[in-house]
Amino acid sequence: MKPLAARLAAGEESAFAELYDACADRLHRYLSWQVGSRDAAADVLQQAFLRAVGSRRKFGKVENPIAYLFQIARNEAARYRSTERKQKTDRIEIDAFVGADETESQRVDAEAAAAALGRLTAEDREIVELKIFGDVTFREIADIVAMPQQTVATRYRRALESLRPWLTRQFS
Amino acid sequence: MSEPIDPIEQQFANLSRASAPVTLREAVLQDVGSQLRAQRWERRLLRIAVVMFVVGVALNASVSWFAGSGFQGQKVAGYEPESLKQVAAAVAEATDAETGARFARQLALRCGDVWSEKQQAEFQDQLRPRVGPALTKKDG
């Protein structure tokens, strides 16, 4: 059987279904943090898949189709933000990211974490969001944000360290 | 999937349990399917357009080739030099000898023939008694 990237490049419908199943949940989570709501994230994700179909031949040249899809989705999120003139705010819609069945304390923790992310620089925040919500590896993040892998890992750890005192106070 | 390295990571990871909406999968895959089908049709239409273009170019080339070489020198069926002389004389009567001769030359070419010097001389002879020397440019 051909590898997934080759099947995507050839335009096999089942390959796109496979790609969706492999990363839709984490891509949706990442996009939710990027665009600020779950509904908008769903729209952006849908648009990202259409873009991916449009440029499907490029899948044949990439090493990791999931990282490539994240890259497309990241660009789509940026486009969405610029067209909607939505700037990412420190105040994030917590209801968008935690399920309705979450407990009150989880909700408070989510608010604290969201506020913490708002304290990071845009670049560091994106790396943290990709790592934690997108659940992608440092190597994949390096491909997505076009930075050396080592730089990505360093910035990620430094960002978390910078949040440690603040979060400790919040969660204690 | 990487394991959290830190309680802070764990704290963030606890936020990331929400899944994509269930209905999204169907919507996305439906759009993907439509787009792939549209792409296939575009490719087919492009292929047809290319084939038609090539056929058009080939037809044009073949027509030019036949017109340029195949038909050259082939006299049109029913062509009669005598009749051509008469037509030329009629034109000369209506206009002048030069126009009549020019008309005859063009018509002969169209019929795959050449208006020869001999024909021109005969035409002049035929013309003289009808139009008279005063009307022919050549004769002054």
# chains A, B, ... in the order shown; residues from 1 in each chain; ligands from 1

call {"tool": "closest_atom_pairs", "arguments": {"of": "chain B", "to": "chain A", "cutoff": "7 Å", "atoms": "only C-alpha atoms", "output": "Markdown table"}}
result
| residue | atom | partner | partner_atom | distance |
| --- | --- | --- | --- | --- |
| B:Met1 | CA | A:Asp135 | CA | 6.3 |
| B:Ile8 | CA | A:Arg164 | CA | 6.9 |
| B:Phe12 | CA | A:Ala113 | CA | 6.4 |
| B:Ala13 | CA | A:Ile132 | CA | 6.0 |
| B:Leu15 | CA | A:Ala110 | CA | 6.0 |
| B:Ser16 | CA | A:Phe133 | CA | 5.6 |
| B:Ala18 | CA | A:Gly99 | CA | 6.2 |
| B:Ser19 | CA | A:Asp25 | CA | 4.8 |
| B:Ala20 | CA | A:Asp25 | CA | 4.8 |
| B:Leu24 | CA | A:Ala42 | CA | 6.9 |
| B:Val28 | CA | A:Gln46 | CA | 5.4 |
| B:Leu29 | CA | A:Ala17 | CA | 6.5 |
| B:Val32 | CA | A:Leu50 | CA | 6.1 |
| B:Gly33 | CA | A:Glu13 | CA | 6.2 |
| B:Leu36 | CA | A:Gly11 | CA | 6.6 |

call {"tool": "residues_around", "arguments": {"residues": "Arg57 (chain A)", "least_positions_apart": "5", "cutoff": "10 Å", "atoms": "only C-alpha atoms", "output": "PDB file with N, CA and C atoms, in the first residue's frame"}}
result
ATOM      1  N   ALA A   5       1.058  10.100   2.338  1.00  0.00           N
ATOM      2  CA  ALA A   5       1.383  11.323   1.580  1.00  0.00           C
ATOM      3  C   ALA A   5       1.187  11.118   0.083  1.00  0.00           C
ATOM      4  N   ALA A   6       1.605   9.953  -0.409  1.00  0.00           N
ATOM      5  CA  ALA A   6       1.478   9.671  -1.845  1.00  0.00           C
ATOM      6  C   ALA A   6       0.013   9.537  -2.236  1.00  0.00           C
ATOM      7  N   ARG A   7      -0.775   8.921  -1.347  1.00  0.00           N
ATOM      8  CA  ARG A   7      -2.211   8.755  -1.634  1.00  0.00           C
ATOM      9  C   ARG A   7      -2.933  10.101  -1.604  1.00  0.00           C
ATOM     10  N   LEU A   8      -2.498  10.965  -0.697  1.00  0.00           N
ATOM     11  CA  LEU A   8      -3.091  12.312  -0.642  1.00  0.00           C
ATOM     12  C   LEU A   8      -2.750  13.071  -1.921  1.00  0.00           C
ATOM     13  N   ALA A   9      -1.501  12.962  -2.333  1.00  0.00           N
ATOM     14  CA  ALA A   9      -1.059  13.668  -3.546  1.00  0.00           C
ATOM     15  C   ALA A   9      -1.820  13.163  -4.767  1.00  0.00           C
ATOM     16  N   ALA A  10      -2.168  11.869  -4.742  1.00  0.00           N
ATOM     17  CA  ALA A  10      -2.894  11.285  -5.880  1.00  0.00           C
ATOM     18  C   ALA A  10      -4.383  11.629  -5.840  1.00  0.00           C
ATOM     19  N   GLY A  11      -4.827  12.210  -4.727  1.00  0.00           N
ATOM     20  CA  GLY A  11      -6.225  12.634  -4.626  1.00  0.00           C
ATOM     21  C   GLY A  11      -7.175  11.531  -4.212  1.00  0.00           C
ATOM     22  N   ALA A  52      -5.949  22.121   1.347  1.00  0.00           N
ATOM     23  CA  ALA A  52      -5.063  20.959   1.217  1.00  0.00           C
ATOM     24  C   ALA A  52      -5.405  20.160  -0.043  1.00  0.00           C
ATOM     25  N   VAL A  62       6.212  16.462   0.835  1.00  0.00           N
ATOM     26  CA  VAL A  62       6.452  16.704   2.263  1.00  0.00           C
ATOM     27  C   VAL A  62       6.732  15.397   3.000  1.00  0.00           C
TER      28      VAL A  62
END

call {"tool": "closest_residue", "arguments": {"among": "A:Val108, A:Val44, A:Ala122, A:Ala67", "to": "Arg79 (chain A)", "atoms": "only C-alpha atoms"}}
result
A:Val44

call {"tool": "residues_around", "arguments": {"residues": "Gly100 (chain B)", "least_positions_apart": "6", "cutoff": "8 Å", "atoms": "only C-alpha atoms", "output": "PyMOL selection string"}}
result
chain B and resi 88-93

call {"tool": "atom_distance", "arguments": {"atom1": "CA of Pro65 (chain A)", "atom2": "CA of Glu140 (chain A)"}}
result
10.1 Å

call {"tool": "closest_residue", "arguments": {"among": "A:Lys58, A:Thr154, A:Glu84, A:Ser37", "to": "Ile72 (chain A)", "atoms": "only C-alpha atoms"}}
result
A:Lys58

call {"tool": "decode", "arguments": {"residues": "region 74-94 of chain B", "atoms": "N, CA and C atoms", "output": "short mmCIF file (atom, residue, chain, number, x, y, z; two decimals), in the first residue's frame"}}
result
data_model
loop_
_atom_site.label_atom_id
_atom_site.label_comp_id
_atom_site.auth_asym_id
_atom_site.auth_seq_id
_atom_site.Cartn_x
_atom_site.Cartn_y
_atom_site.Cartn_z
N GLN B 74 -3.24 21.94 -60.54
CA GLN B 74 -4.39 21.12 -60.96
C GLN B 74 -5.45 22.05 -61.50
N LYS B 75 -5.77 21.85 -62.76
CA LYS B 75 -6.77 22.73 -63.35
C LYS B 75 -8.15 22.35 -62.86
N VAL B 76 -8.99 23.38 -62.69
CA VAL B 76 -10.36 23.14 -62.23
C VAL B 76 -11.13 22.44 -63.33
N ALA B 77 -11.96 21.46 -62.94
CA ALA B 77 -12.75 20.73 -63.94
C ALA B 77 -13.67 21.71 -64.68
N GLY B 78 -13.76 21.54 -65.96
CA GLY B 78 -14.64 22.39 -66.76
C GLY B 78 -14.00 23.70 -67.18
N TYR B 79 -12.73 23.86 -66.88
CA TYR B 79 -12.03 25.10 -67.24
C TYR B 79 -11.75 25.12 -68.73
N GLU B 80 -12.12 26.22 -69.40
CA GLU B 80 -11.89 26.34 -70.85
C GLU B 80 -11.19 27.66 -71.14
N PRO B 81 -9.97 27.60 -71.65
CA PRO B 81 -9.21 28.83 -71.94
C PRO B 81 -9.96 29.76 -72.91
N GLU B 82 -10.70 29.14 -73.81
CA GLU B 82 -11.42 29.95 -74.80
C GLU B 82 -12.50 30.81 -74.12
N SER B 83 -13.19 30.12 -73.20
CA SER B 83 -14.25 30.81 -72.46
C SER B 83 -13.65 31.95 -71.63
N LEU B 84 -12.47 31.70 -71.08
CA LEU B 84 -11.80 32.71 -70.26
C LEU B 84 -11.48 33.94 -71.11
N LYS B 85 -11.04 33.70 -72.32
CA LYS B 85 -10.72 34.80 -73.25
C LYS B 85 -11.97 35.64 -73.51
N GLN B 86 -13.10 34.92 -73.69
CA GLN B 86 -14.35 35.64 -73.98
C GLN B 86 -14.78 36.50 -72.79
N VAL B 87 -14.60 35.90 -71.58
CA VAL B 87 -14.97 36.65 -70.36
C VAL B 87 -14.08 37.87 -70.25
N ALA B 88 -12.78 37.68 -70.51
CA ALA B 88 -11.84 38.80 -70.43
C ALA B 88 -12.21 39.88 -71.43
N ALA B 89 -12.62 39.47 -72.59
CA ALA B 89 -13.01 40.44 -73.62
C ALA B 89 -14.24 41.22 -73.18
N ALA B 90 -15.19 40.50 -72.55
CA ALA B 90 -16.40 41.17 -72.07
C ALA B 90 -16.06 42.21 -71.02
N VAL B 91 -15.12 41.85 -70.11
CA VAL B 91 -14.70 42.79 -69.06
C VAL B 91 -14.00 43.98 -69.70
N ALA B 92 -13.17 43.68 -70.72
CA ALA B 92 -12.45 44.76 -71.40
C ALA B 92 -13.41 45.71 -72.08
N GLU B 93 -14.47 45.14 -72.61
CA GLU B 93 -15.48 45.99 -73.27
C GLU B 93 -16.13 46.92 -72.25
N ALA B 94 -16.40 46.35 -71.10
CA ALA B 94 -17.07 47.16 -70.07
C ALA B 94 -16.12 48.15 -69.42
#
